[in-house]
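Chemist: I'd like to ask some things about the structure below.
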Amino acid sequence: MAVPMSRVLLISLVFAVITAALVHAKGHGHHHRHHNQSLQVGPVTYDGRSLIINGKRELLFSGSIHYTRSTPEMWPDILEKAKRGGLNVIQTYVFWNIHEPVQAQYNFEGNYDLVKFIKLVQEHGMYATIRLGPFIQAEWNHGGLPYWLREVPGIIFRSDNTAYKHHMKNYVDMIVNKLRDAKLFAPQGGPIVLAQIENEYNMVQLAYRELGNNYVKWAAEIAVNQNIGVPWIMCKQKDAPDPVINTCNGRHCGDTFTGPNKPNKPSLWTENWTAQYRVFGDPPSQRSAEDIAFSVARFFSKNGTLTNYYMYHGGTNFGRTSSIFTTTRYYDEAPLDEYGLPRDPKWSHLKDLHKALKLSRKALLWGVHFYETAATNICAAFLTNNNFQTEATVNWRGVDYHLPPRSISILPDCKTVVFNTQRVVSQLNSRNFVRSKVANNLKWTKYVEPVPSTLQVPVNNPTPLELYSLLKDTTDYAWYTTKLALSPQDLPMKESIRPVLRIASLGHALHAFVDGEYIGFAHGSHDEKSFVFEKPVPLKAGINQISLLAMTIGLPDSGAYMEHRYAGPNLVAVLGLNTGTLDLTRNGWGHQLGLSGEKLQVFTEEGSKQVQWHKTKGAPEGLTWYKTYFDAPEGHDPVAIRMAGMGKGMIWVNGKSIGRHWTSFLSPLGEPTQAEYHIPRSFIKPKQNLLVVLEEQPAKPKPIEILTVNRDTVCSFITEYHPPNVNSWERKDSVFQPVFDVVKSSADIKCPKNKKVVAVEFASFGDPAGTCGNFVLGKCNSPVSKEVVERHCLGKTICSVPIDRNLFASKTDVCPDIKKTLAIQADLIECSDLRENQIIIPVLPFVRQNGSYVTCIAEDFPEFRSDRAD
């Protein structure tokens with residue numbers, strides 16, 4: 001009986017969808033000829049089912065990793081972890097404004113080396129997708145468009161505008177030619193199999209009316225005419241002109257995507273958001289591994305052929321590269337966190353999902369969509385429970401299958417559950433920030449930024465100038481100066497009453513000074529850039545110098561008519577004078593670009609010698625540069641700086657900016673949106689690293705500390721309901737089979753390179769609860785739990801503890817009738833000097849400093865191999 005894939009069955013009052021893909025052993029039909037072709041690289045093609053690469057259909061698991069948001073020294077490790085996570089494609093935007101910051105002046109050096117990054121992707125055995133934009137959004141400054149483009153006469157971004165189209169085509173030609181010259185497109189033997197033009201244009205297209213419709217057609221035409229031999233895509237573009245493929249962005253494209261706009265185009269998902277980017281003032285961003293896995297399994301079960309995790313590794317917005325109010329840390333909640341460390345279970349649960357889908361590959365890509373047919377031997381099923389609250393038991397083909405709420409079970413042979421999206425079999429971890437023992441002997445000195453007045457910055461315009469066009473994206477800061485003459489009769493008679501300075505600003509933030517004295521700070525937010533500054537000010541009879549430091553926090557990165565955005569103070573008044581409110585907007589204003597410390601580059605060794613540094617004694621002042629030196633932290637773990645007690649500004653290490661800090665902007669939870677800031681190891685010398693902090697608000701740097709970052713708290717939390725790990729099965733010569741003689745569910749721990757289990761902090765077989773790093777005992781617990789886990793795991797790089805009641809049996813089991821849970825929390829230690837056949841001897845207590853173990857004790861155990869599970 002033929003059953004469509006979309007058939008919905010009502011089972012036990014729970015909506016459950018059962019989808020299956022089956023195929024005859026000889027039923028490849030006309031597609032079979034692709035397998036007879038040689039595997040030489042040629043043009044990438046597609047049909048209504050999938051991309052066809054080297055003559056073969058592929059399931060494509062892709063991840064966004066932006067070369068600009070990490071360092072070349074980090075790229076190999078990040079790509080290696082992406083490959084181990086089951087990815088076979090890496091997606092990146094191409095960033096026009098960093099490659100052509102000044103018209104006709106190009107930069108492809110350092111972490112802007114696009115060609116080097118794509119070649120590394122190929123060296124790691126993965127394909128690549130490039131998203132040229134040129135508008136990319138990406139929470140990147142100005143959406144990737146260079147600032148000079150804004151000043152082209154008559155230009156309107158992203159529309160049928162002659163000036164914009166001229167510069168856009170020059171940019172696309174330049175990038176494509178650079179990649180073509182390096183032989184990076186698939187027909188040339190390179191890894192690039194897809195390219196994207198424009199980005200989510202449907203979001204703004206209506207604002208441009210016919211100019212928008214014409215622009216879409218033109219953009220598709222100039223892309224296709226590049227003749228690069230790989231398909232072009234447009235994401236969130238329902239009317240993508242042929243042969244350009246329209247693709248989906250979102251969290252649940254298996255349900256929200258209306259599909260390709262032509263039947264001969266495959267279903268591609270270019271942005272599967274792994275969390276949500278954060279702006280200053282945001283609480284933490286969350287999206288569970290289980291929800292991502294559900295959405296991916298659903299998409300592939302409904303004819304999907306590519307999903308791309310946005311982001312797979314977010315990284316760091318170094319310098320001034322982040323867009324408006326966006327944090328320096330980018331998509332830290334991705335499978336690989338800001339530091340490139342696997343965030344489990346997100347990384348490992350998705351890795352298991354990829355393996356389960358690959359076990360189902362032939363059925364998915366070549367299958368006919370019905371449940372049963374004669375003479376079939378390849379079959380894959382997806383059993384789906386769509387109900388968010390109620391679990392279900394589904395009887396299918398005479399077998400009962402338990403489905404947790406909102407979950408999909410994958411059966412690569414239509415019999416065996418190898419993966420359930422809601423049951424996390426893989427390990428968990430939690431992140432630790434550890435105060436460095438050697439890097440925190442910080443002796444701070446300070447240089448107070450001079451506050452200019454009209455004497456240094458004379459009036460040059462009747463009103464305050466617009467901020468974007470004043471700065472031209474060369475700095476965050478601009479001074480506005482004016483002077484105000486008052487007589488004694490103008491001022492309030494009572495000392496308890498002060499005049500109030502009111503400034504209405506279009507954004508983004510502002511500090512005010514009167515006669516060089518710091519008055520205060522006000523700012524907008526990502527959602528509401530405009531704000532009003534109102535503070536009492538100590539005005540006096542005579543001449544009062546008013547100095548405003550206005551600033552941007554990144555340029556806009558979204559919306560229509562970006563070239564028409566404005567910022568900066570647009571109304572200034574003094575309230576509470578005896579003579580009434582005094583409007584200073586047309587009082588005459590002076591303007592100065594940037595800070596003196598920026599111009600002197602006091603954050604470099606040479607520049608720091610240009611000013612006099614003083615001890616940090618006395619009350620803190622607004623707008624101060626702080627300087628110190630630190631030695632490289634011990635070990636090999638990533639490095640961060642915690643900006644405790646500070647307000648807002650920027651941080652440099654050895655002259656390199658690690659981005660904007662803003663710890664005084666608290667989230668609704670009362671915590672800074674970002675407290676720790678990444679310092680790449682490649683920025684750090686063994687000794688005497690120059691650390692310079694620009695602090696805008698009155699604050700002292702003493703609480704700042706240098707940290708190392710690890711995920712050495714590793715956990716497992718599984719129940720008797722959980723299926724065995726997907727690695728327990730394989731498909732060999734098209735035959736689905738178990739890897740082991742006996743397949744059992746188990747709690748598995750695998751340590752990162754050079755690390756071993758040094759202690760079992762928690763173990764419970766019974767009904768424990770909590771999360772990794774915060775487990776608690778329930779009412780039922782086997783008293784031998786810790787002993788069993790220690791026997792299996794102590795001193796090892798890999799261990800496996802079976803879910804076996806006999807293994808944890810004791811004289812009393814007060815809860816024999818419940819489904820048991822096994823929770824494990826282990827601490828790891830780096831022992832890089834250990835040989836492969838050595839094991840840590842668990843002699844307790846281990847030496848601990850600042851929460852980390854610092855002693856490795858080893859003996860030879862020839863029978864132990866670190867690459868074998870227990």
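How things are named: the first chain in the structure tokens is A, the next is B, and so on; residues count from 1 in each chain; ligands count from 1 in the order shown.
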Could you list, with a cut-off of 9 Å and counting only C-alpha atoms, the residues of stretch 55-159 of chain A near stretch 320-327 of chain A, each shown with its nearest atom pair and the distance in Å rounded to one decimal, rows sorted by chain and ascending number, as a tab-separated table?

Modeler:
residue	atom	partner	partner_atom	distance
A:Ile98	CA	A:Thr321	CA	8.8
A:Gln137	CA	A:Ser323	CA	8.5
A:Ala138	CA	A:Ser323	CA	8.3
A:Glu139	CA	A:Ser323	CA	5.0
A:Trp140	CA	A:Ser323	CA	4.6
A:Asn141	CA	A:Ser323	CA	4.0
A:His142	CA	A:Ser323	CA	6.4
A:Gly143	CA	A:Ser323	CA	7.3

Chemist: May I have the selected residues written with all heavy atoms, as a compact mmCIF listing (two decimals), in the first residue's frame?

Modeler:
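See part35.txt below for the written result:
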# COMPACT_ATOMS: atom_id res chain seq x y z
N ILE A 98 35.89 44.82 4.46
CA ILE A 98 37.25 44.59 4.96
C ILE A 98 38.21 44.27 3.81
O ILE A 98 39.42 44.43 3.96
CB ILE A 98 37.30 43.50 6.06
CG1 ILE A 98 36.63 42.21 5.62
CG2 ILE A 98 36.64 43.98 7.33
CD1 ILE A 98 37.56 41.17 5.18
N GLN A 137 24.45 41.47 5.78
CA GLN A 137 23.93 41.64 7.14
C GLN A 137 24.91 41.03 8.14
O GLN A 137 25.85 41.67 8.52
CB GLN A 137 22.53 41.06 7.32
CG GLN A 137 21.93 41.46 8.68
CD GLN A 137 20.42 41.28 8.75
OE1 GLN A 137 19.74 41.12 7.75
NE2 GLN A 137 19.89 41.34 9.95
N ALA A 138 24.69 39.78 8.58
CA ALA A 138 25.69 39.04 9.35
C ALA A 138 26.08 39.71 10.67
O ALA A 138 27.09 39.36 11.26
CB ALA A 138 26.96 38.80 8.52
N GLU A 139 25.25 40.70 11.11
CA GLU A 139 25.61 41.44 12.32
C GLU A 139 27.02 42.03 12.19
O GLU A 139 27.73 42.20 13.16
CB GLU A 139 25.47 40.57 13.58
CG GLU A 139 24.06 40.17 13.89
CD GLU A 139 23.51 39.15 12.89
OE1 GLU A 139 24.10 38.07 12.74
OE2 GLU A 139 22.48 39.46 12.25
N TRP A 140 27.38 42.32 10.95
CA TRP A 140 28.70 42.85 10.61
C TRP A 140 28.54 44.33 10.27
O TRP A 140 27.51 44.75 9.73
CB TRP A 140 29.25 42.08 9.41
CG TRP A 140 30.67 42.39 9.06
CD1 TRP A 140 31.11 43.22 8.08
CD2 TRP A 140 31.85 41.85 9.68
NE1 TRP A 140 32.49 43.25 8.05
CE2 TRP A 140 32.96 42.41 9.02
CE3 TRP A 140 32.06 40.96 10.73
CZ2 TRP A 140 34.27 42.10 9.38
CZ3 TRP A 140 33.37 40.65 11.08
CH2 TRP A 140 34.45 41.21 10.42
N ASN A 141 29.54 45.11 10.58
CA ASN A 141 29.49 46.55 10.39
C ASN A 141 29.00 46.92 8.99
O ASN A 141 29.56 46.48 7.98
CB ASN A 141 30.88 47.13 10.64
CG ASN A 141 30.85 48.61 10.89
OD1 ASN A 141 29.92 49.13 11.51
ND2 ASN A 141 31.87 49.32 10.41
N HIS A 142 27.91 47.71 8.95
CA HIS A 142 27.33 48.21 7.70
C HIS A 142 26.86 47.08 6.79
O HIS A 142 26.74 47.27 5.57
CB HIS A 142 28.35 49.10 6.96
CG HIS A 142 27.71 50.24 6.24
ND1 HIS A 142 28.22 50.76 5.07
CD2 HIS A 142 26.60 50.99 6.52
CE1 HIS A 142 27.46 51.77 4.65
NE2 HIS A 142 26.47 51.93 5.52
N GLY A 143 26.58 45.90 7.38
CA GLY A 143 26.12 44.77 6.57
C GLY A 143 27.12 44.34 5.52
O GLY A 143 26.75 43.71 4.52

Chemist: List the spatial neighbours of stretch 161-178 of chain A as a PDB file with N, CA, C and O atoms, in the first residue's frame - criterion: any atom at most 7 Å away, only C-alpha atoms, same-chain residues fewer than 5 positions off excluded.

Modeler:
ATOM      1  N   PRO A 134      26.624  41.496  -2.277  1.00  0.00           N
ATOM      2  CA  PRO A 134      27.596  42.118  -1.380  1.00  0.00           C
ATOM      3  C   PRO A 134      27.023  42.571  -0.041  1.00  0.00           C
ATOM      4  O   PRO A 134      27.761  42.735   0.926  1.00  0.00           O
ATOM      5  N   ILE A 155      23.549  57.475  -4.935  1.00  0.00           N
ATOM      6  CA  ILE A 155      23.459  56.025  -4.754  1.00  0.00           C
ATOM      7  C   ILE A 155      22.264  55.644  -3.873  1.00  0.00           C
ATOM      8  O   ILE A 155      21.912  56.356  -2.929  1.00  0.00           O
ATOM      9  N   ILE A 156      21.621  54.545  -4.214  1.00  0.00           N
ATOM     10  CA  ILE A 156      20.622  53.889  -3.360  1.00  0.00           C
ATOM     11  C   ILE A 156      21.004  52.419  -3.302  1.00  0.00           C
ATOM     12  O   ILE A 156      21.005  51.732  -4.330  1.00  0.00           O
TER      13      ILE A 156
END

Chemist: Could you go through stretch 301-440 of chain A and tell me which residues DSSP, when run on the backbone, assigns to helix (DSSP H, G or I), listing them as a PyMOL selection string?

Modeler: chain A and resi 301+346-359+361-366

Chemist: So that each row is one residue of stretch 565-683 of chain A with an atom at most 9 Å from stretch 328-344 of chain A, can you give its shortest atom pair and the distance in Å to one decimal, using only C-alpha atoms, rows by chain and rising number, as a tab-separated table?

Modeler:
residue	atom	partner	partner_atom	distance
A:Pro638	CA	A:Tyr339	CA	6.3
A:Val639	CA	A:Tyr339	CA	8.2
A:Ala640	CA	A:Tyr339	CA	8.9
A:Ile658	CA	A:Thr328	CA	8.1
A:Gly659	CA	A:Thr328	CA	5.8
A:Arg660	CA	A:Thr328	CA	6.1
A:His661	CA	A:Thr328	CA	7.2
A:Gln674	CA	A:Arg329	CA	7.4
A:Glu676	CA	A:Arg329	CA	8.7
A:Tyr677	CA	A:Arg329	CA	7.2
A:His678	CA	A:Tyr339	CA	7.1
A:Pro680	CA	A:Tyr339	CA	8.2

Chemist: Give me the residues near stretch 446-459 of chain A as a ChimeraX atom specification, where near means some atom within 8 Å (using only C-alpha atoms) and where sequence neighbours in that chain fewer than 2 positions away do not count.

Modeler: /A:444,461-462,479,481-483,513,515-516,545-547,588-592,595-597,611-616,621,623-627

Chemist: Let me make sure I understand: among A:Ile798, A:Val399, A:Phe280, A:Leu582, which one has the smallest atom-to-atom distance to A:Thr663 if we use only C-alpha atoms?

Modeler: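 Using only C-alpha atoms, the shortest distance to A:Thr663 belongs to A:Phe280.
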